[in-house]
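S.K.: Next comes the structure file input.cif, holding mmCIF, C-alpha atoms.
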data_model
loop_
_atom_site.label_atom_id
_atom_site.label_comp_id
_atom_site.auth_asym_id
_atom_site.auth_seq_id
_atom_site.Cartn_x
_atom_site.Cartn_y
_atom_site.Cartn_z
CA MET A 1 -1.96 -0.81 -61.43
CA LYS A 2 0.23 -0.91 -58.35
CA PHE A 3 1.73 2.58 -58.03
CA CYS A 4 0.45 6.15 -58.49
CA SER A 5 1.56 7.55 -61.86
CA GLN A 6 1.57 11.07 -60.36
CA CYS A 7 3.66 10.56 -57.20
CA GLY A 8 5.02 6.98 -57.31
CA GLU A 9 3.45 5.86 -54.00
CA PRO A 10 1.44 2.56 -53.84
CA VAL A 11 -2.26 2.78 -54.79
CA ILE A 12 -5.17 0.96 -53.18
CA SER A 13 -8.45 -0.15 -54.74
CA LYS A 14 -11.49 1.50 -53.13
CA VAL A 15 -14.77 3.21 -53.94
CA PRO A 16 -14.12 6.98 -53.76
CA ASP A 17 -16.62 9.32 -52.09
CA ASP A 18 -19.46 10.25 -54.49
CA ASP A 19 -18.65 7.24 -56.66
CA ASN A 20 -20.15 3.77 -56.94
CA ARG A 21 -17.35 1.54 -58.21
CA PRO A 22 -13.82 0.70 -57.09
CA ARG A 23 -10.96 2.76 -58.51
CA PHE A 24 -7.22 2.77 -57.96
CA VAL A 25 -6.74 5.64 -55.51
CA CYS A 26 -3.53 7.19 -54.20
CA GLU A 27 -3.85 7.91 -50.48
CA SER A 28 -0.68 9.98 -50.61
CA CYS A 29 -1.53 12.58 -53.31
CA HIS A 30 -5.29 11.71 -53.52
CA THR A 31 -5.30 11.12 -57.29
CA ILE A 32 -8.10 8.85 -58.49
CA HIS A 33 -7.01 6.75 -61.48
CA TYR A 34 -9.90 6.06 -63.85
CA GLU A 35 -9.71 3.26 -66.41
CA ASN A 36 -11.87 3.33 -69.53
CA PRO A 37 -12.60 1.20 -72.61
CA LYS A 38 -10.43 1.46 -75.70
CA ILE A 39 -11.58 1.99 -79.28
CA VAL A 40 -10.34 -0.30 -82.05
CA ALA A 41 -10.88 1.37 -85.45
CA GLY A 42 -10.50 -0.22 -88.86
CA CYS A 43 -11.66 -0.63 -92.44
CA ILE A 44 -13.39 -3.08 -94.73
CA PRO A 45 -11.43 -2.22 -97.90
CA ALA A 46 -13.58 -3.33 -100.85
CA TRP A 47 -12.71 -4.00 -104.47
CA GLU A 48 -15.61 -5.25 -106.59
CA ASP A 49 -17.05 -8.23 -104.65
CA LYS A 50 -13.85 -8.76 -102.65
CA VAL A 51 -12.36 -7.40 -99.43
CA LEU A 52 -8.74 -6.94 -98.42
CA LEU A 53 -7.51 -9.05 -95.51
CA CYS A 54 -4.12 -9.04 -93.75
CA ARG A 55 -2.37 -12.09 -92.31
CA ARG A 56 -1.00 -11.10 -88.91
CA ALA A 57 2.77 -11.02 -88.39
CA ILE A 58 2.42 -10.28 -84.67
CA GLU A 59 0.78 -11.77 -81.59
CA PRO A 60 -1.96 -12.26 -80.65
CA ARG A 61 -3.18 -14.60 -83.39
CA ARG A 62 -0.03 -14.51 -85.50
CA GLY A 63 -0.61 -16.18 -88.88
CA LEU A 64 -4.39 -15.65 -88.85
CA TRP A 65 -6.31 -13.26 -91.09
CA THR A 66 -7.92 -9.95 -90.14
CA LEU A 67 -9.24 -6.69 -91.50
CA PRO A 68 -6.85 -3.74 -91.02
CA ALA A 69 -7.68 -2.31 -87.57
CA GLY A 70 -6.00 -1.21 -84.37
CA PHE A 71 -6.17 0.92 -81.25
CA MET A 72 -7.23 4.53 -81.81
CA GLU A 73 -4.55 6.97 -80.60
CA ASN A 74 -4.94 10.22 -78.68
CA ASP A 75 -5.30 13.38 -80.84
CA GLU A 76 -6.93 11.64 -83.80
CA THR A 77 -10.48 10.98 -85.00
CA VAL A 78 -12.00 7.52 -85.40
CA GLN A 79 -11.86 7.99 -89.17
CA GLU A 80 -8.18 9.01 -89.06
CA ALA A 81 -7.44 5.94 -86.92
CA ALA A 82 -9.18 3.64 -89.41
CA LEU A 83 -7.24 5.16 -92.33
CA ARG A 84 -3.92 5.04 -90.45
CA GLU A 85 -4.30 1.37 -89.55
CA THR A 86 -5.20 0.53 -93.15
CA GLN A 87 -2.09 2.34 -94.34
CA GLU A 88 0.17 0.78 -91.67
CA GLU A 89 -1.01 -2.82 -91.98
CA ALA A 90 -1.71 -3.08 -95.71
CA ASN A 91 -0.11 0.00 -97.34
CA ALA A 92 -3.57 0.45 -98.85
CA HIS A 93 -5.26 3.66 -99.97
CA VAL A 94 -8.99 3.76 -99.37
CA GLN A 95 -11.86 6.20 -99.42
CA LEU A 96 -14.01 5.89 -96.30
CA LEU A 97 -17.69 5.42 -97.07
CA GLU A 98 -19.49 5.10 -93.75
CA LEU A 99 -19.35 3.72 -90.23
CA TYR A 100 -20.56 0.15 -90.74
CA THR A 101 -20.24 -1.81 -87.48
CA LEU A 102 -19.98 -0.83 -83.84
CA LEU A 103 -19.32 -3.95 -81.74
CA ASN A 104 -18.94 -3.86 -77.97
CA LEU A 105 -16.61 -6.34 -76.27
CA PRO A 106 -17.35 -5.62 -72.60
CA HIS A 107 -15.29 -8.59 -71.33
CA VAL A 108 -12.12 -6.91 -72.62
CA SER A 109 -13.43 -3.30 -72.40
CA GLN A 110 -13.07 -2.63 -76.12
CA VAL A 111 -15.35 -1.04 -78.72
CA TYR A 112 -14.72 -1.96 -82.37
CA MET A 113 -15.69 0.53 -85.06
CA MET A 114 -15.29 -0.64 -88.64
CA PHE A 115 -15.81 1.56 -91.72
CA ARG A 116 -16.93 0.48 -95.15
CA SER A 117 -14.35 1.76 -97.58
CA GLN A 118 -13.39 1.64 -101.22
CA LEU A 119 -9.86 0.72 -102.35
CA LYS A 120 -8.58 3.48 -104.64
CA ASP A 121 -6.18 1.13 -106.45
CA LEU A 122 -4.62 -2.34 -106.18
CA ASP A 123 -1.30 -0.98 -104.97
CA PHE A 124 -1.27 -2.64 -101.52
CA SER A 125 1.33 -4.76 -99.73
CA PRO A 126 2.05 -6.12 -96.24
CA GLY A 127 3.08 -3.54 -93.62
CA ASN A 128 5.38 -4.38 -90.68
CA GLU A 129 2.59 -6.09 -88.76
CA SER A 130 1.38 -8.24 -91.69
CA LEU A 131 2.79 -11.34 -93.38
CA GLU A 132 0.51 -11.16 -96.41
CA THR A 133 -2.28 -8.98 -97.85
CA ARG A 134 -4.84 -10.39 -100.29
CA LEU A 135 -8.30 -9.82 -101.74
CA PHE A 136 -10.95 -12.44 -100.96
CA SER A 137 -14.47 -13.01 -102.21
CA ARG A 138 -16.93 -14.50 -99.71
CA GLU A 139 -16.23 -18.03 -100.96
CA GLU A 140 -12.48 -17.56 -100.78
CA ILE A 141 -12.33 -16.24 -97.20
CA PRO A 142 -10.50 -18.62 -94.81
CA TRP A 143 -13.38 -18.57 -92.30
CA ASN A 144 -11.60 -20.92 -89.91
CA GLU A 145 -8.49 -18.77 -89.87
CA ILE A 146 -9.97 -15.37 -88.96
CA ALA A 147 -8.09 -13.82 -86.03
CA PHE A 148 -10.96 -12.23 -84.10
CA LYS A 149 -14.68 -12.80 -83.49
CA THR A 150 -15.34 -9.09 -84.21
CA ILE A 151 -13.77 -9.41 -87.65
CA GLU A 152 -15.60 -12.64 -88.49
CA GLN A 153 -18.89 -10.97 -87.49
CA THR A 154 -18.14 -7.79 -89.46
CA LEU A 155 -17.34 -9.86 -92.56
CA THR A 156 -20.57 -11.86 -92.12
CA PHE A 157 -22.64 -8.66 -91.86
CA TYR A 158 -20.81 -7.27 -94.88
CA PHE A 159 -21.30 -10.19 -97.25
CA ASP A 160 -24.92 -10.69 -96.13
CA ASP A 161 -25.63 -7.03 -96.92
CA LEU A 162 -23.66 -7.22 -100.17
CA GLU A 163 -25.87 -10.10 -101.33
CA LYS A 164 -29.01 -8.17 -100.32
CA GLY A 165 -27.71 -5.14 -102.20
CA HIS A 166 -28.29 -2.88 -99.20
CA PHE A 167 -25.76 -1.88 -96.54
CA ARG A 168 -26.90 -0.65 -93.15
CA PHE A 169 -25.21 0.19 -89.87
CA HIS A 170 -24.89 -2.73 -87.42
CA LEU A 171 -24.70 -2.22 -83.66
CA GLY A 172 -24.06 -5.29 -81.54
CA ASP A 173 -22.35 -6.83 -78.55
CA ILE A 174 -20.03 -9.82 -78.44
CA ILE A 175 -20.48 -11.43 -75.04
CA ARG A 176 -18.28 -14.08 -73.48
CA ASN A 177 -20.27 -16.42 -71.26
CA SER A 178 -19.03 -18.55 -68.38
CA GLU A 179 -17.83 -21.33 -70.67
CA ALA A 180 -15.66 -18.82 -72.54
CA THR A 181 -17.68 -19.26 -75.69
CA PHE A 182 -19.08 -16.21 -77.43
CA PHE A 183 -22.43 -15.09 -78.64
CA ILE A 184 -23.58 -12.09 -80.59
CA ARG A 185 -26.26 -9.90 -79.06
CA HIS A 186 -27.81 -7.71 -81.71
CA SER A 187 -29.00 -4.50 -80.14
CA PRO A 188 -32.76 -3.96 -80.27
CA GLN A 189 -32.33 -0.88 -82.40
CA THR A 190 -30.40 -2.68 -85.13
CA GLY A 191 -32.56 -2.61 -88.21
CA GLU A 192 -34.48 0.45 -87.07
CA ASN A 193 -31.71 2.70 -88.29
CA GLU A 194 -32.34 2.35 -92.02
CA MET B 1 2.32 10.63 -66.06
CA LYS B 2 5.51 10.82 -63.98
CA PHE B 3 5.94 7.34 -62.45
CA CYS B 4 5.47 3.77 -63.66
CA SER B 5 2.16 2.33 -62.41
CA GLN B 6 3.71 -1.17 -62.41
CA CYS B 7 6.93 -0.59 -60.45
CA GLY B 8 6.81 3.01 -59.13
CA GLU B 9 10.05 4.15 -60.83
CA PRO B 10 10.11 7.42 -62.88
CA VAL B 11 9.03 7.13 -66.54
CA ILE B 12 10.50 8.92 -69.55
CA SER B 13 8.83 9.95 -72.78
CA LYS B 14 10.36 8.27 -75.84
CA VAL B 15 9.45 6.51 -79.07
CA PRO B 16 9.69 2.75 -78.39
CA ASP B 17 11.31 0.40 -80.93
CA ASP B 18 8.83 -0.60 -83.67
CA ASP B 19 6.64 2.39 -82.82
CA ASN B 20 6.27 5.85 -84.33
CA ARG B 21 5.08 8.09 -81.53
CA PRO B 22 6.29 9.02 -78.05
CA ARG B 23 5.00 6.97 -75.11
CA PHE B 24 5.69 7.02 -71.41
CA VAL B 25 8.19 4.20 -70.96
CA CYS B 26 9.64 2.72 -67.76
CA GLU B 27 13.34 2.03 -68.21
CA SER B 28 13.36 0.01 -65.01
CA CYS B 29 10.67 -2.63 -65.73
CA HIS B 30 10.31 -1.83 -69.49
CA THR B 31 6.54 -1.30 -69.37
CA ILE B 32 5.19 0.91 -72.18
CA HIS B 33 2.22 3.00 -70.99
CA TYR B 34 -0.25 3.60 -73.82
CA GLU B 35 -2.84 6.37 -73.57
CA ASN B 36 -6.02 6.24 -75.63
CA PRO B 37 -9.14 8.33 -76.27
CA LYS B 38 -12.14 8.08 -73.98
CA ILE B 39 -15.75 7.50 -75.00
CA VAL B 40 -18.49 9.77 -73.68
CA ALA B 41 -21.90 8.09 -74.07
CA GLY B 42 -25.31 9.63 -73.57
CA CYS B 43 -28.93 10.02 -74.61
CA ILE B 44 -31.30 12.44 -76.27
CA PRO B 45 -34.38 11.58 -74.18
CA ALA B 46 -37.42 12.64 -76.23
CA TRP B 47 -41.03 13.28 -75.23
CA GLU B 48 -43.26 14.51 -78.06
CA ASP B 49 -41.39 17.50 -79.60
CA LYS B 50 -39.27 18.06 -76.47
CA VAL B 51 -35.99 16.75 -75.10
CA LEU B 52 -34.84 16.32 -71.52
CA LEU B 53 -31.91 18.46 -70.41
CA CYS B 54 -30.03 18.48 -67.10
CA ARG B 55 -28.53 21.55 -65.44
CA ARG B 56 -25.09 20.60 -64.18
CA ALA B 57 -24.42 20.56 -60.43
CA ILE B 58 -20.71 19.85 -60.91
CA GLU B 59 -17.71 21.34 -62.66
CA PRO B 60 -16.86 21.81 -65.44
CA ARG B 61 -19.68 24.13 -66.59
CA ARG B 62 -21.66 24.05 -63.35
CA GLY B 63 -25.06 25.71 -63.83
CA LEU B 64 -25.18 25.12 -67.59
CA TRP B 65 -27.49 22.70 -69.42
CA THR B 66 -26.56 19.40 -71.03
CA LEU B 67 -27.94 16.10 -72.27
CA PRO B 68 -27.35 13.19 -69.88
CA ALA B 69 -23.92 11.78 -70.82
CA GLY B 70 -20.65 10.72 -69.25
CA PHE B 71 -17.53 8.60 -69.53
CA MET B 72 -18.09 4.99 -70.53
CA GLU B 73 -16.77 2.58 -67.88
CA ASN B 74 -14.85 -0.67 -68.31
CA ASP B 75 -16.98 -3.85 -68.57
CA GLU B 76 -20.02 -2.14 -70.09
CA THR B 77 -21.36 -1.53 -73.61
CA VAL B 78 -21.84 1.93 -75.14
CA GLN B 79 -25.61 1.44 -74.86
CA GLU B 80 -25.35 0.44 -71.18
CA ALA B 81 -23.21 3.53 -70.53
CA ALA B 82 -25.78 5.80 -72.20
CA LEU B 83 -28.62 4.27 -70.15
CA ARG B 84 -26.62 4.42 -66.90
CA GLU B 85 -25.75 8.10 -67.35
CA THR B 86 -29.39 8.91 -68.11
CA GLN B 87 -30.44 7.11 -64.94
CA GLU B 88 -27.71 8.71 -62.81
CA GLU B 89 -28.08 12.30 -64.00
CA ALA B 90 -31.85 12.53 -64.56
CA ASN B 91 -33.38 9.44 -62.89
CA ALA B 92 -35.01 8.96 -66.28
CA HIS B 93 -36.17 5.74 -67.90
CA VAL B 94 -35.72 5.59 -71.64
CA GLN B 95 -35.84 3.14 -74.49
CA LEU B 96 -32.83 3.44 -76.76
CA LEU B 97 -33.74 3.88 -80.42
CA GLU B 98 -30.47 4.22 -82.33
CA LEU B 99 -26.97 5.62 -82.34
CA TYR B 100 -27.55 9.18 -83.55
CA THR B 101 -24.29 11.17 -83.37
CA LEU B 102 -20.64 10.22 -83.24
CA LEU B 103 -18.54 13.35 -82.68
CA ASN B 104 -14.77 13.31 -82.45
CA LEU B 105 -13.00 15.83 -80.21
CA PRO B 106 -9.37 15.11 -81.06
CA HIS B 107 -8.03 18.12 -79.08
CA VAL B 108 -9.19 16.43 -75.85
CA SER B 109 -9.00 12.82 -77.14
CA GLN B 110 -12.69 12.13 -76.63
CA VAL B 111 -15.36 10.50 -78.81
CA TYR B 112 -18.99 11.41 -78.05
CA MET B 113 -21.70 8.88 -78.90
CA MET B 114 -25.27 10.03 -78.37
CA PHE B 115 -28.33 7.80 -78.77
CA ARG B 116 -31.81 8.86 -79.77
CA SER B 117 -34.14 7.57 -77.08
CA GLN B 118 -37.76 7.68 -75.99
CA LEU B 119 -38.75 8.61 -72.44
CA LYS B 120 -40.97 5.85 -71.04
CA ASP B 121 -42.70 8.20 -68.58
CA LEU B 122 -42.40 11.69 -67.07
CA ASP B 123 -41.06 10.37 -63.79
CA PHE B 124 -37.63 12.05 -63.92
CA SER B 125 -35.75 14.20 -61.41
CA PRO B 126 -32.25 15.60 -60.83
CA GLY B 127 -29.59 13.04 -59.86
CA ASN B 128 -26.59 13.93 -57.69
CA GLU B 129 -24.76 15.62 -60.56
CA SER B 130 -27.75 17.74 -61.68
CA LEU B 131 -29.42 20.84 -60.22
CA GLU B 132 -32.52 20.62 -62.39
CA THR B 133 -34.04 18.40 -65.11
CA ARG B 134 -36.57 19.77 -67.58
CA LEU B 135 -38.17 19.16 -70.98
CA PHE B 136 -37.49 21.77 -73.68
CA SER B 137 -38.88 22.30 -77.16
CA ARG B 138 -36.48 23.79 -79.74
CA GLU B 139 -37.73 27.33 -79.01
CA GLU B 140 -37.41 26.88 -75.26
CA ILE B 141 -33.83 25.60 -75.23
CA PRO B 142 -31.38 28.00 -73.53
CA TRP B 143 -28.98 27.93 -76.48
CA ASN B 144 -26.54 30.33 -74.81
CA GLU B 145 -26.37 28.21 -71.69
CA ILE B 146 -25.49 24.82 -73.17
CA ALA B 147 -22.49 23.30 -71.39
CA PHE B 148 -20.64 21.69 -74.31
CA LYS B 149 -20.21 22.23 -78.05
CA THR B 150 -20.90 18.52 -78.67
CA ILE B 151 -24.28 18.81 -76.97
CA GLU B 152 -25.22 22.03 -78.78
CA GLN B 153 -24.33 20.33 -82.09
CA THR B 154 -26.23 17.15 -81.24
CA LEU B 155 -29.32 19.20 -80.36
CA THR B 156 -29.02 21.18 -83.61
CA PHE B 157 -28.82 17.97 -85.67
CA TYR B 158 -31.76 16.57 -83.71
CA PHE B 159 -34.16 19.47 -84.14
CA ASP B 160 -33.19 19.95 -87.80
CA ASP B 161 -33.97 16.28 -88.46
CA LEU B 162 -37.15 16.46 -86.36
CA GLU B 163 -38.41 19.31 -88.57
CA LYS B 164 -37.49 17.38 -91.72
CA GLY B 165 -39.32 14.33 -90.32
CA HIS B 166 -36.33 12.09 -90.97
CA PHE B 167 -33.56 11.12 -88.53
CA ARG B 168 -30.21 9.91 -89.79
CA PHE B 169 -26.86 9.10 -88.22
CA HIS B 170 -24.42 12.04 -88.03
CA LEU B 171 -20.64 11.56 -87.97
CA GLY B 172 -18.53 14.65 -87.44
CA ASP B 173 -15.49 16.24 -85.85
CA ILE B 174 -15.32 19.25 -83.57
CA ILE B 175 -11.96 20.88 -84.15
CA ARG B 176 -10.32 23.57 -82.03
CA ASN B 177 -8.18 25.89 -84.11
CA SER B 178 -5.27 28.02 -82.95
CA GLU B 179 -7.54 30.82 -81.70
CA ALA B 180 -9.34 28.30 -79.45
CA THR B 181 -12.56 28.71 -81.40
CA PHE B 182 -14.32 25.65 -82.70
CA PHE B 183 -15.66 24.50 -86.00
CA ILE B 184 -17.63 21.47 -87.06
CA ARG B 185 -16.19 19.27 -89.78
CA HIS B 186 -18.84 17.03 -91.22
CA SER B 187 -17.26 13.84 -92.43
CA PRO B 188 -17.50 13.23 -96.17
CA GLN B 189 -19.60 10.13 -95.64
CA THR B 190 -22.26 11.91 -93.62
CA GLY B 191 -25.45 11.82 -95.59
CA GLU B 192 -24.39 8.76 -97.57
CA ASN B 193 -25.51 6.52 -94.74
CA GLU B 194 -29.26 6.84 -95.26
#
Would you mind giving the structure from this file in structure tokens?
M.R.:
Amino acid sequence: MKFCSQCGEPVISKVPDDDNRPRFVCESCHTIHYENPKIVAGCIPAWEDKVLLCRRAIEPRRGLWTLPAGFMENDETVQEAALRETQEEANAHVQLLELYTLLNLPHVSQVYMMFRSQLKDLDFSPGNESLETRLFSREEIPWNEIAFKTIEQTLTFYFDDLEKGHFRFHLGDIIRNSEATFFIRHSPQTGENE
Amino acid sequence: MKFCSQCGEPVISKVPDDDNRPRFVCESCHTIHYENPKIVAGCIPAWEDKVLLCRRAIEPRRGLWTLPAGFMENDETVQEAALRETQEEANAHVQLLELYTLLNLPHVSQVYMMFRSQLKDLDFSPGNESLETRLFSREEIPWNEIAFKTIEQTLTFYFDDLEKGHFRFHLGDIIRNSEATFFIRHSPQTGENE
């Protein structure tokens, strides 16, 4: 951010009075510009022992596979966002079952929320942002061609729970360390929520 | 938004190519400015059959009671945000137990996430944004002086579950209708997540 979106004058970065972290502040009209994390909402569309994945037609990670998911928009609910993304990316019709994973990505200020869901029919096809849509069992999933760590982790939780015959909510953090590798930090309360 | 935060030129509202909703767009530097919902994270700090409420020292709703909660910041997790707000508003030390409510407020583009938590001790006191901090049993709660609908609903879920002896995750929407009254829409999947 370089200019004030209210008056067009340059902003500076400083800690406002009564605050404890730097913000972009306009010294002309005194607007403080807060920046906050974004929600990515999506679905795990299930059919028997398989899930529906989309091969991305857009950057980042064009050509790799993902679950249907995307940025939540203003004026909608998390559930509506998950359904909309599933419709847009896979032309798929699902019934939402439950919130299944909440994964924090603090290094990019994102929170992923993925819903378990049931495909209503097999009438799905690639949307504008997908090259291909296909059902995969655990063994068929192209694990080395999954677009995002959050999606790989959600799929791992899902198939582990499917094999156990018991689904439960998973809360976790995906942390990038100094070597730019990632690790999963399961929150202490995970497993206490059954 | 009136001016581009990248170049300072005026923005217009239009639907960009390959998009389906209006955005603020800069026709000078071609930046598209997306706006997304904000997360409010907080705690239900419990001690025996009581919960800790804060009386607000700031607008909106100055003088009314609330659970410790506030806007999630960049670079943190939802759990860290809930703990930070509890520290800032009530100087209280809690152990997080589990994500307890997720309430959508689409009319203000906010998502509330409240965690059940256990007070570690009774060493709490009002932070800068609170006039008073106090423990309340269900009967003692000033139900007509609760600052926000989300907090009133979270407290209702909490004490109902406490009486049943079984806590479960609650997903719901708080919808404002045309008369500016509110109603709670429980999501279909609520109750299927036990």
S.K.: Residues of chain A were defined as contacting chain B if any atom lay at most 7 Å from it, counting only C-alpha atoms; please report them as number ranges by chain.
M.R.: A: 1-9, 35-38, 72-77, 97-98, 104, 106-107, 109, 189, 193-194
S.K.: Box in all listed atoms of region 134-138 of chain B, axis-aligned, with 6 Å more on each side; write out centre and edge lengths in Å to one decimal as JSON.
M.R.:
{"center_x": -37.7, "center_y": 21.5, "center_z": -73.7, "size_x": 14.4, "size_y": 16.6, "size_z": 24.2}
S.K.: Could you check which of B:Asp17, B:Glu48, B:Glu85, B:Asp161 is closest to Leu122 (chain B), using only C-alpha atoms?
M.R.: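 Of B:Asp17, B:Glu48, B:Glu85, B:Asp161, the one nearest Leu122 (chain B) is B:Glu48, counting only C-alpha atoms.
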S.K.: Assuming the chain letters and numbering stay as they are in my file, what does the PyMOL selection byres ((chain A and resi 51) around 12) actually select? List them as a PyMOL selection string.
M.R.: chain A and resi 43-50+52-54+65-68+92+94+116-119+122+133-141+154-156+158-159+162
S.K.: What is the CA of Arg55 (chain A)-CA of Leu83 (chain A) distance in Å, reported with one decimal?
M.R.: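 Going from CA of Arg55 (chain A) over to CA of Leu83 (chain A), I get 17.9 Å.
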S.K.: Can you tell me how far CA of Phe115 (chain B) sits from CA of Gly127 (chain B), in Å to one decimal?
M.R.: 19.7 Å
S.K.: Do you have the CA of Ala69 (chain A)-CA of Ala69 (chain B) distance handy?
M.R.: 27.3 Å
S.K.: Report the residues retrieved by the PyMOL selection byres ((chain B and resi 124) around 8) from the displayed file, expressed as a PyMOL selection string.
M.R.: chain B and resi 90-93+121-123+125-126+133
